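**Student:** The following block contains the structure, expressed as structure tokens.
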Amino acid sequence: MIENRPNAPLRRITIVGGGTAGWMTAALLSKLFVRGYEIRLVESEEIGTIGVGEATIPAIRTFNGLAGIDEMEMVRATQASFKLGIEFVDWREKGHSYMHGFGKIGQDLWWLHAHQLWLKMAERGTVKPFDHYSLNCLAARRNRFCLPNPRLPGSPMADIDYAYHFDASLYAAFLRRQSEARGVERIEGRVETARLRPEDGFVDTLVLADGREVGGDLFIDCSGMRALLIGQALGIGYEDWNHWLLCDRALAVPCESAPVLTPYTRSTARSFGWQWRIALQHRIGNGHVYSSAHLGEDEAASVLLADLDGRPLGDPRPVRFAPGKRRKAWEKNVVALGLASGFLEPLESTSIHLIQTGILRLIALFPGTGFNAADIDEYNRQTDFEYCDVRDFIIAHYKVTNRADTPFWDYVRNMAVPDSLRERIELFEASARFFVHGKAELFREESWVQILLGQGLEMRYDPMVDMVPEAELAAFLRDVEEVIEDCATAMPLHSDFIARHCRAPIVANSPR
């Protein structure tokens with residue numbers, strides 16, 4: 001029998017927890033749900049947020065546009081800089097680095113993608129490193145940035161893709177101002193427990209520490225790793241991926257700014273994990289992500305503090321996490337977003353993106369009071385696919401490597417990986433080909449190519465490349481390289497662009 005429950009519009013949306021996840025949710029819902037909905041957010045000043053995620057990917061611009069956010073106003077308010085990609089240092093082997101740049105790589109020849117052409121000529125030793133065929137990569141290496149110019153169709157300058165580095169706590173505060181101006185009610189208080197309806201187990205009310213009660217029709221759990229509603233109240237379990245992703249701890253510390261404002265994130269592989277470096281306008285964010293099974297906190301802090309650009313602006317703050325996801329992100333009348341729904345280490349800056357896609361997915365499948373099972377099941381299917389897709393991409397950074405200098409690297413290099421990743425790697429080895437497995441896939445062919453090439457995967461090129469005479473191939477790639485070089489040279493310095501268009505108010509360096 002097909003279920004046919006009443007499905008009148010619900011009215012009360014209650015968000016549990018602030019931070020990036022809570023205020024992103026409030027900002028977008030309050031912008032799009034212009035009438036008929038009461039949106040409240042419950043958070044406590046007593047409970048701190050993790051807030052170490054400062055790097056984003058280009059899709060954040062879609063969210064900002066939907067939420068009605070002025071780009072330059074946001075950049076100034078959050079001490080932001082721009083991001084063209086990620087530099088990976090010492091991941092393939094010590095002393096080696098490569099870029100994972102956003103946007104297009106070179107130009108196609110017929111249906112053949114640029115990396116296929118490059119692979120053939122690289123065998124002959126007649127091409128430059130792969131970074132020279134992507135404008136984002138070359139511009140990042142030279143600390144240059146500008147916005148894309150749609151008045152130059154056909155030029156790489158029209159296809160510049162970018163994201164941001166920002167102070168996550170300032171971003172949440174910025175979104176809070178936007179949300180409250182549109183009528184979101186913020187309730188200060190610590191949620192003590194959730195009271196369930198006896199007839200169906202749905203969440204009925206939140207009970208705060210001071211005895212107040214807050215009701216709702218739909219509850220959005222943004223309570224972080226505590227998962228107050230989805231985990232504690234509704235008992236949805238957690239799928240642990242620590243056997244593939246060994247890192248389960250992080251230490252974060254800001255330091256003084258460096259002379260050069262870099263338009264990219266840097267990830268440097270360490271003996272038992274990796275270290276991030278993110279340059280903002282007013283400081284540099286740093287962190288050491290590591291495996292607690294291999295390294296103690298004091299040793300991890302020593303590694304972190306030994307490689308900063310300037311004086312640390314506080315003590316390293318520890319963060320514990322479990323790589324994995326909730327078995328369901330939506331159960332009954334609770335939807336979990338952010339850390340309440342799962343966590344994948346910040347290697348490819350996906351944490352904020354997973355919040356964004358969770359919100360958009362909720363809007364696409366927004367329930368009525370009937371909370372139809374088909375909508376909930378579809379939400380959970382799409383969430384599972386997305387988490388597994390991102391998981392595979394992150395695991396690939398560890399699996400494909402020449403490093404074997406510590407037990408950590410020896411394990412990840414030899415470990416069995418999910419079949420979905422194993423099959424993708426085998427296809428790349430055979431012909432450097434890529435096919436989309438689902439519409440929700442986050443990382444495109446350009447990303448997989450740059451990571452697997454950069455990590456040192458040996459792959460054969462598509463045999464169709466042999467139809468092109470080598471002299472024509474060489475001339476084509478030389479033209480691409482020269483155009484990329486000219487465009488990168490014409491771009492202003494990243495620091496000059498910010499000074500001209502979106503310099504934040506000057507503040508003294510201070511710990512977060």
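Chain labels A, B, ... are given in the sequence in which chains occur in the structure tokens; within each chain residues are numbered consecutively from 1, and ligands are likewise numbered from 1 in the order shown.
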Give me, as a PDB file with C-alpha atoms, in the first residue's frame, all polymer residues having an atom no more than 6 Å from Gly342 of chain A, counting only C-alpha atoms and skipping those fewer than 4 positions away in the same chain.
**Tutor:**
ATOM      1  CA  GLY A 324      32.666   8.958   9.226  1.00  0.00           C
ATOM      2  CA  LYS A 325      28.976   9.800   9.013  1.00  0.00           C
ATOM      3  CA  ARG A 326      25.601   9.233  10.652  1.00  0.00           C
TER       4      ARG A 326
END
**Student:** Tell me, which residues of segment 339-499 of chain A carry DSSP helix (DSSP H, G or I), written as a PyMOL selection string?
**Tutor:** chain A and resi 339-340+346-348+351-364+373-399+407-414+419-431+445-455+463-467+470-490+494-499
**Student:** Segment 387-441 of chain A near segment 245-256 of chain A within 9 Å: what's each residue's closest atom pair and its distance in Å to one decimal, counting only C-alpha atoms, ordered by chain then ascending residue number, as a tab-separated table?
**Tutor:**
residue	atom	partner	partner_atom	distance
A:Arg391	CA	A:Leu245	CA	8.6
A:Ile394	CA	A:Leu245	CA	8.3
A:Ile395	CA	A:Leu245	CA	6.7
A:Tyr398	CA	A:Leu245	CA	8.5
A:Phe408	CA	A:Leu246	CA	8.2
A:Val412	CA	A:Leu246	CA	8.3
**Student:** Would you mind exporting C-alpha atoms of the selected residues as a PDB file, in the first residue's frame?
**Tutor:**
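Dumped to part-v2.pdb:
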ATOM      1  CA  ARG A 391      35.477  10.021   1.322  1.00  0.00           C
ATOM      2  CA  ILE A 394      40.245  12.075   0.367  1.00  0.00           C
ATOM      3  CA  ILE A 395      41.399   8.466   0.765  1.00  0.00           C
ATOM      4  CA  TYR A 398      46.793   8.662   1.175  1.00  0.00           C
ATOM      5  CA  PHE A 408      51.443   5.616   9.152  1.00  0.00           C
ATOM      6  CA  VAL A 412      47.779   3.822   4.106  1.00  0.00           C
TER       7      VAL A 412
END
**Student:** Each residue of segment 140-237 of chain A with at least one atom at most 7 Å from segment 327-332 of chain A should appear once, together with its nearest atom pair and the corresponding distance in Å (one decimal); atoms considered: only C-alpha atoms; ordering: chain, then increasing residue number; output as a Markdown table.
**Tutor:**
| residue | atom | partner | partner_atom | distance |
| --- | --- | --- | --- | --- |
| A:Phe202 | CA | A:Lys332 | CA | 5.8 |
| A:Ile236 | CA | A:Arg327 | CA | 6.4 |
| A:Gly237 | CA | A:Arg327 | CA | 5.7 |
**Student:** Work out how far apart atom CA of Asp131 of chain A and atom CA of Glu87 of chain A are and give it in Å to one decimal.
**Tutor:** 10.5 Å
